[in-house]
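A.B. asks: See upload-v1.json below, with JSON, C-alpha atoms.
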[["chain", "number", "residue", "atom", "x", "y", "z"],
["A", 1, "MET", "CA", -63.52, -0.45, -15.36],
["A", 2, "ALA", "CA", -67.07, -1.80, -15.35],
["A", 3, "GLY", "CA", -66.49, -5.21, -16.91],
["A", 4, "ARG", "CA", -69.16, -7.89, -16.70],
["A", 5, "TRP", "CA", -70.20, -6.71, -13.23],
["A", 6, "GLN", "CA", -71.48, -3.25, -14.12],
["A", 7, "ASP", "CA", -74.79, -4.08, -12.35],
["A", 8, "LEU", "CA", -72.95, -5.77, -9.51],
["A", 9, "GLY", "CA", -75.66, -5.61, -6.84],
["A", 10, "MET", "CA", -78.58, -6.40, -9.14],
["A", 11, "PHE", "CA", -78.62, -10.08, -8.13],
["A", 12, "ASN", "CA", -77.14, -9.55, -4.63],
["A", 13, "ALA", "CA", -73.50, -10.11, -5.51],
["A", 14, "TYR", "CA", -71.09, -8.21, -3.29],
["A", 15, "GLY", "CA", -67.74, -6.76, -4.25],
["A", 16, "VAL", "CA", -65.67, -3.62, -4.56],
["A", 17, "PRO", "CA", -63.75, -2.17, -7.48],
["A", 18, "GLY", "CA", -60.33, -3.79, -7.76],
["A", 19, "ALA", "CA", -58.68, -0.38, -7.33],
["A", 20, "ASP", "CA", -60.38, -0.01, -3.93],
["A", 21, "ALA", "CA", -59.24, -3.49, -2.91],
["A", 22, "LEU", "CA", -55.70, -2.69, -4.07],
["A", 23, "GLY", "CA", -55.62, 0.51, -2.00],
["A", 24, "ALA", "CA", -57.06, -1.29, 1.04],
["A", 25, "ALA", "CA", -54.49, -4.08, 0.76],
["A", 26, "ILE", "CA", -51.63, -1.55, 0.68],
["A", 27, "GLU", "CA", -53.21, 0.33, 3.60],
["A", 28, "ASN", "CA", -53.32, -2.91, 5.63],
["A", 29, "MET", "CA", -49.53, -3.13, 5.38],
["A", 30, "VAL", "CA", -49.12, 0.10, 7.37],
["A", 31, "THR", "CA", -48.81, -0.29, 11.11],
["A", 32, "GLY", "CA", -48.48, 2.35, 13.76],
["A", 33, "ILE", "CA", -49.57, 3.52, 17.17],
["A", 34, "SER", "CA", -52.42, 1.34, 18.41],
["A", 35, "SER", "CA", -53.48, 3.51, 21.35],
["A", 36, "PRO", "CA", -56.42, 5.76, 20.42],
["A", 37, "VAL", "CA", -55.66, 9.43, 19.85],
["A", 38, "ASP", "CA", -57.94, 10.49, 22.71],
["A", 39, "SER", "CA", -55.93, 8.49, 25.26],
["A", 40, "ASP", "CA", -52.99, 10.20, 27.01],
["A", 41, "ARG", "CA", -50.56, 7.63, 25.66],
["A", 42, "GLY", "CA", -51.89, 7.77, 22.09],
["A", 43, "LEU", "CA", -51.88, 11.57, 21.99],
["A", 44, "ALA", "CA", -48.36, 11.83, 23.43],
["A", 45, "ALA", "CA", -46.99, 9.27, 20.97],
["A", 46, "ARG", "CA", -48.56, 11.03, 17.99],
["A", 47, "LEU", "CA", -47.30, 14.43, 19.09],
["A", 48, "ARG", "CA", -43.75, 13.09, 19.57],
["A", 49, "TYR", "CA", -43.83, 11.46, 16.13],
["A", 50, "LEU", "CA", -45.19, 14.57, 14.43],
["A", 51, "THR", "CA", -42.83, 17.06, 16.09],
["A", 52, "LYS", "CA", -39.59, 15.11, 15.47],
["A", 53, "THR", "CA", -39.11, 16.29, 11.88],
["A", 54, "ASP", "CA", -40.07, 19.03, 9.47],
["A", 55, "ALA", "CA", -42.13, 16.43, 7.60],
["A", 56, "GLY", "CA", -44.26, 16.05, 10.72],
["A", 57, "TYR", "CA", -45.00, 19.76, 10.81],
["A", 58, "GLU", "CA", -45.87, 19.61, 7.10],
["A", 59, "ALA", "CA", -48.27, 16.72, 7.81],
["A", 60, "MET", "CA", -49.93, 18.76, 10.56],
["A", 61, "ASP", "CA", -50.27, 21.67, 8.16],
["A", 62, "ARG", "CA", -51.86, 19.40, 5.51],
["A", 63, "ALA", "CA", -54.28, 18.12, 8.16],
["A", 64, "GLY", "CA", -55.33, 21.66, 9.03],
["A", 65, "ILE", "CA", -53.63, 22.01, 12.41],
["A", 66, "HIS", "CA", -52.79, 25.70, 12.70],
["A", 67, "VAL", "CA", -52.05, 26.48, 16.34],
["A", 68, "SER", "CA", -49.58, 28.80, 17.98],
["A", 69, "PRO", "CA", -46.23, 27.43, 19.17],
["A", 70, "ARG", "CA", -47.43, 28.11, 22.72],
["A", 71, "THR", "CA", -50.48, 25.87, 22.24],
["A", 72, "LEU", "CA", -48.37, 23.13, 20.69],
["A", 73, "MET", "CA", -45.95, 23.29, 23.63],
["A", 74, "ALA", "CA", -48.89, 23.05, 26.04],
["A", 75, "TRP", "CA", -50.05, 19.90, 24.22],
["A", 76, "LEU", "CA", -46.55, 18.41, 24.31],
["A", 77, "SER", "CA", -46.13, 19.12, 28.02],
["A", 78, "GLU", "CA", -49.63, 17.73, 28.68],
["A", 79, "GLU", "CA", -50.78, 21.01, 30.24],
["A", 80, "ARG", "CA", -53.66, 21.17, 27.77],
["A", 81, "LYS", "CA", -55.43, 18.64, 25.63],
["A", 82, "PRO", "CA", -56.52, 19.41, 22.06],
["A", 83, "ASN", "CA", -60.24, 19.72, 21.38],
["A", 84, "GLY", "CA", -62.03, 16.93, 19.53],
["A", 85, "ALA", "CA", -61.53, 18.46, 16.08],
["A", 86, "ASN", "CA", -57.79, 18.88, 16.65],
["A", 87, "LEU", "CA", -57.52, 15.34, 18.03],
["A", 88, "ASN", "CA", -59.00, 14.06, 14.76],
["A", 89, "ARG", "CA", -56.64, 16.28, 12.77],
["A", 90, "LEU", "CA", -53.65, 15.05, 14.78],
["A", 91, "ASP", "CA", -54.65, 11.46, 14.10],
["A", 92, "ALA", "CA", -55.05, 12.21, 10.38],
["A", 93, "ALA", "CA", -51.65, 13.97, 10.32],
["A", 94, "TYR", "CA", -50.02, 11.04, 12.12],
["A", 95, "TRP", "CA", -51.34, 8.47, 9.63],
["A", 96, "ASP", "CA", -50.50, 10.71, 6.66],
["A", 97, "LEU", "CA", -46.90, 11.01, 7.88],
["A", 98, "ARG", "CA", -46.73, 7.32, 8.74],
["A", 99, "ARG", "CA", -47.86, 6.36, 5.21],
["A", 100, "ARG", "CA", -45.29, 8.67, 3.65],
["A", 101, "ASN", "CA", -42.52, 7.37, 5.92],
["A", 102, "VAL", "CA", -43.17, 3.71, 5.10],
["A", 103, "ALA", "CA", -43.76, 4.18, 1.36],
["A", 104, "THR", "CA", -40.19, 3.33, 0.38],
["A", 105, "ASP", "CA", -40.25, 0.19, 2.50],
["A", 106, "LEU", "CA", -43.60, -0.85, 0.99],
["A", 107, "LYS", "CA", -42.23, -0.41, -2.53],
["A", 108, "ASN", "CA", -39.16, -2.50, -1.70],
["A", 109, "ARG", "CA", -41.22, -5.25, -0.09],
["A", 110, "LEU", "CA", -43.73, -5.42, -2.94],
["A", 111, "ASN", "CA", -41.12, -5.21, -5.72],
["A", 112, "ASN", "CA", -39.19, -7.99, -3.97],
["A", 113, "ASN", "CA", -35.92, -7.34, -5.87],
["A", 114, "GLY", "CA", -37.73, -7.37, -9.20],
["A", 115, "ARG", "CA", -39.51, -10.65, -8.55],
["A", 116, "GLY", "CA", -42.79, -8.94, -7.69],
["A", 117, "THR", "CA", -45.43, -10.17, -5.29],
["A", 118, "ARG", "CA", -47.82, -13.09, -5.59],
["A", 119, "VAL", "CA", -51.35, -11.70, -5.30],
["A", 120, "GLU", "CA", -54.48, -13.70, -4.50],
["A", 121, "ILE", "CA", -57.59, -12.24, -6.10],
["A", 122, "ASN", "CA", -60.89, -13.35, -4.61],
["A", 123, "PRO", "CA", -63.86, -12.84, -6.95],
["A", 124, "VAL", "CA", -67.09, -11.12, -6.00],
["A", 125, "ASP", "CA", -69.10, -12.81, -3.27],
["A", 126, "GLN", "CA", -72.04, -14.54, -4.94],
["A", 127, "SER", "CA", -73.41, -16.26, -1.83],
["A", 128, "GLY", "CA", -76.56, -14.12, -2.00],
["A", 129, "VAL", "CA", -77.12, -14.73, -5.72],
["A", 130, "GLU", "CA", -79.67, -17.27, -6.93],
["A", 131, "ARG", "CA", -77.95, -20.31, -8.41],
["A", 132, "LYS", "CA", -79.29, -19.65, -11.92],
["A", 133, "HIS", "CA", -77.66, -16.19, -11.94],
["A", 134, "GLN", "CA", -74.28, -17.18, -10.47],
["A", 135, "ARG", "CA", -71.17, -17.04, -12.62],
["A", 136, "ASP", "CA", -68.37, -19.55, -12.37],
["A", 137, "VAL", "CA", -65.48, -17.37, -11.19],
["A", 138, "ALA", "CA", -62.57, -18.85, -9.26],
["A", 139, "SER", "CA", -59.97, -17.22, -7.03],
["A", 140, "ARG", "CA", -56.81, -16.43, -8.95],
["A", 141, "ASN", "CA", -53.17, -16.20, -7.95],
["A", 142, "ILE", "CA", -50.90, -14.09, -10.13],
["A", 143, "ASN", "CA", -47.42, -12.70, -9.76],
["A", 144, "VAL", "CA", -47.50, -8.90, -10.08],
["A", 145, "ARG", "CA", -44.39, -7.02, -11.19],
["A", 146, "GLY", "CA", -43.54, -3.57, -12.45],
["A", 147, "VAL", "CA", -46.47, -1.61, -11.00],
["A", 148, "TRP", "CA", -45.74, -1.40, -7.29],
["A", 149, "ASP", "CA", -43.93, 1.96, -7.22],
["A", 150, "ARG", "CA", -46.81, 3.56, -9.12],
["A", 151, "ALA", "CA", -49.39, 1.77, -6.96],
["A", 152, "VAL", "CA", -47.87, 2.96, -3.68],
["A", 153, "ASP", "CA", -47.52, 6.52, -5.01],
["A", 154, "ALA", "CA", -51.17, 6.52, -6.17],
["A", 155, "TRP", "CA", -52.27, 5.15, -2.79],
["A", 156, "ILE", "CA", -50.39, 7.91, -0.93],
["A", 157, "ASP", "CA", -51.90, 10.56, -3.21],
["A", 158, "ASP", "CA", -55.42, 9.05, -2.99],
["A", 159, "ASP", "CA", -55.37, 8.87, -6.79],
["A", 160, "PHE", "CA", -58.22, 6.46, -7.53],
["A", 161, "GLU", "CA", -57.91, 6.89, -11.31],
["A", 162, "GLU", "CA", -54.27, 5.79, -11.25],
["A", 163, "LEU", "CA", -55.08, 2.85, -8.93],
["A", 164, "ASP", "CA", -57.84, 1.86, -11.34],
["A", 165, "ALA", "CA", -55.44, 2.01, -14.30],
["A", 166, "ILE", "CA", -52.92, -0.09, -12.37],
["A", 167, "TRP", "CA", -55.61, -2.61, -11.43],
["A", 168, "ASP", "CA", -56.52, -2.88, -15.13],
["A", 169, "GLU", "CA", -52.86, -3.66, -15.90],
["A", 170, "ILE", "CA", -52.75, -6.29, -13.17],
["A", 171, "ILE", "CA", -55.86, -8.16, -14.30],
["A", 172, "GLN", "CA", -54.81, -8.07, -17.98],
["A", 173, "ASP", "CA", -52.33, -10.81, -17.01],
["A", 174, "ILE", "CA", -55.22, -13.10, -16.10],
["A", 175, "GLY", "CA", -56.13, -13.63, -19.74],
["A", 176, "SER", "CA", -59.47, -13.55, -21.51],
["A", 177, "GLU", "CA", -61.49, -13.57, -18.26],
["A", 178, "TYR", "CA", -59.77, -10.47, -16.87],
["A", 179, "ASP", "CA", -62.89, -8.30, -16.82],
["A", 180, "MET", "CA", -64.57, -10.72, -14.41],
["A", 181, "TYR", "CA", -62.08, -9.44, -11.82],
["A", 182, "ALA", "CA", -62.80, -5.72, -12.26],
["A", 183, "ASN", "CA", -64.75, -6.06, -8.99],
["A", 184, "VAL", "CA", -63.57, -8.40, -6.26],
["A", 185, "SER", "CA", -64.46, -9.39, -2.73],
["A", 186, "SER", "CA", -60.83, -8.96, -1.64],
["A", 187, "ILE", "CA", -57.22, -9.26, -2.62],
["A", 188, "GLY", "CA", -54.25, -10.18, -0.51],
["A", 189, "TRP", "CA", -50.57, -11.03, -0.44],
["A", 190, "ALA", "CA", -47.80, -11.90, 1.96],
["A", 191, "ALA", "CA", -45.07, -9.28, 1.56]]
Write out the structure in this file as structure tokens.
C.D. replies:
Amino acid sequence: MAGRWQDLGMFNAYGVPGADALGAAIENMVTGISSPVDSDRGLAARLRYLTKTDAGYEAMDRAGIHVSPRTLMAWLSEERKPNGANLNRLDAAYWDLRRRNVATDLKNRLNNNGRGTRVEINPVDQSGVERKHQRDVASRNINVRGVWDRAVDAWIDDDFEELDAIWDEIIQDIGSEYDMYANVSSIGWAA
């Protein structure tokens, strides 16, 4: 949705599409292993997490990790360390599996037993815009219901079009000024 900000950077305003901000806010709810993948501890933790279930092996397959069982056992026993490309793939597989494993919890937290989640929408940053070109756009707080299952599913699938459609639904509740929030500096919630 372009809205009134279709030439967003023309006067030095800064923002991102609301769908991007929505995806980033969901992403920020996911926590996991903090040790880097190239550290012994981080690698071992990721390998344990990925090899516990069939879903972990599926995540490794999606990430492009195609090694022999012997190589995988050498990694697990710390006899060998994966090369840089496989380290990156292991990290990607870990976060893919982590997202999928926490999706149900995220949906429950955001749906909040049908009450939804109060979302703060911060408009585009106009600090670099000349005063005569600035628009009067305030931060908004709205309660969002009924879209969270779809939003989390779209986030997992990297479906930007669906996130954009969901963002359009969310900002429709703002009223006549909804298109001023097609691009935002950030959004946030406490869920």
A.B. asks: Can you pull out every residue within 6 Å of Pro123 in chain A, counting only C-alpha atoms, but drop anything in the same chain fewer than 6 positions away, and send it as a list of chain:residue names?
C.D. replies: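 Everything that qualifies: A:Ser139, A:Val184, A:Ser185.
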A.B. asks: Could you tell me which of A:Ala93, A:Gly18, A:Leu72, A:Asn183 comes closest to Leu50 in chain A if we count only C-alpha atoms?
C.D. replies: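 Result for the nearest residue to Leu50 in chain A: A:Ala93.
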A.B. asks: Can you pull out the residues contacting Gly175 in chain A? Cut-off 12 Å, using only C-alpha atoms, and skip same-chain residues under 6 positions away; I want them as a ChimeraX atom specification.
C.D. replies: /A:140,142,168-169,181
A.B. asks: Can you list every residue of range 5-94 of chain A that has an atom at most 10 Å from range 151-164 of chain A, with its nearest atom pair and the distance in Å to one decimal, using only C-alpha atoms, ordered by chain then number, as a Markdown table?
C.D. replies:
| residue | atom | partner | partner_atom | distance |
| --- | --- | --- | --- | --- |
| A:Pro17 | CA | A:Asp164 | CA | 8.1 |
| A:Gly18 | CA | A:Asp164 | CA | 7.1 |
| A:Ala19 | CA | A:Asp164 | CA | 4.7 |
| A:Asp20 | CA | A:Phe160 | CA | 7.7 |
| A:Ala21 | CA | A:Leu163 | CA | 9.7 |
| A:Leu22 | CA | A:Leu163 | CA | 7.4 |
| A:Gly23 | CA | A:Trp155 | CA | 5.8 |
| A:Ala24 | CA | A:Trp155 | CA | 8.9 |
| A:Ile26 | CA | A:Val152 | CA | 7.3 |
| A:Glu27 | CA | A:Trp155 | CA | 8.1 |
A.B. asks: Measuring between only C-alpha atoms, which one of A:Leu97, A:Val147, A:Ala63, A:Ala182 shows the shortest distance to Asn122 in chain A?
C.D. replies: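 Ranked by minimum distance to Asn122 in chain A, first place goes to A:Ala182.
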A.B. asks: Take CA of Ala165 in chain A and CA of Thr117 in chain A and report the distance between them in Å, one decimal.
C.D. replies: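 One can read the CA of Ala165 in chain A to CA of Thr117 in chain A distance as 18.2 Å.
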A.B. asks: In Å to one decimal, how far is CA of Gly114 in chain A from CA of Ile170 in chain A?
C.D. replies: 15.6 Å
A.B. asks: Leaving out Asp149 in chain A and any residue of its chain fewer than 3 positions from it, which residues lie within 9 Å of it when counting all atoms listed in the file, given as a JSON list (two decimals) with C-alpha atoms, keeping the file's coordinate frame?
C.D. replies:
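Done, and the output landed in result_34.json:
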[["chain", "number", "residue", "atom", "x", "y", "z"],
["A", 103, "ALA", "CA", -43.76, 4.18, 1.36],
["A", 104, "THR", "CA", -40.19, 3.33, 0.38],
["A", 106, "LEU", "CA", -43.60, -0.85, 0.99],
["A", 107, "LYS", "CA", -42.23, -0.41, -2.53],
["A", 108, "ASN", "CA", -39.16, -2.50, -1.70],
["A", 110, "LEU", "CA", -43.73, -5.42, -2.94],
["A", 111, "ASN", "CA", -41.12, -5.21, -5.72],
["A", 146, "GLY", "CA", -43.54, -3.57, -12.45],
["A", 152, "VAL", "CA", -47.87, 2.96, -3.68],
["A", 153, "ASP", "CA", -47.52, 6.52, -5.01],
["A", 154, "ALA", "CA", -51.17, 6.52, -6.17]]
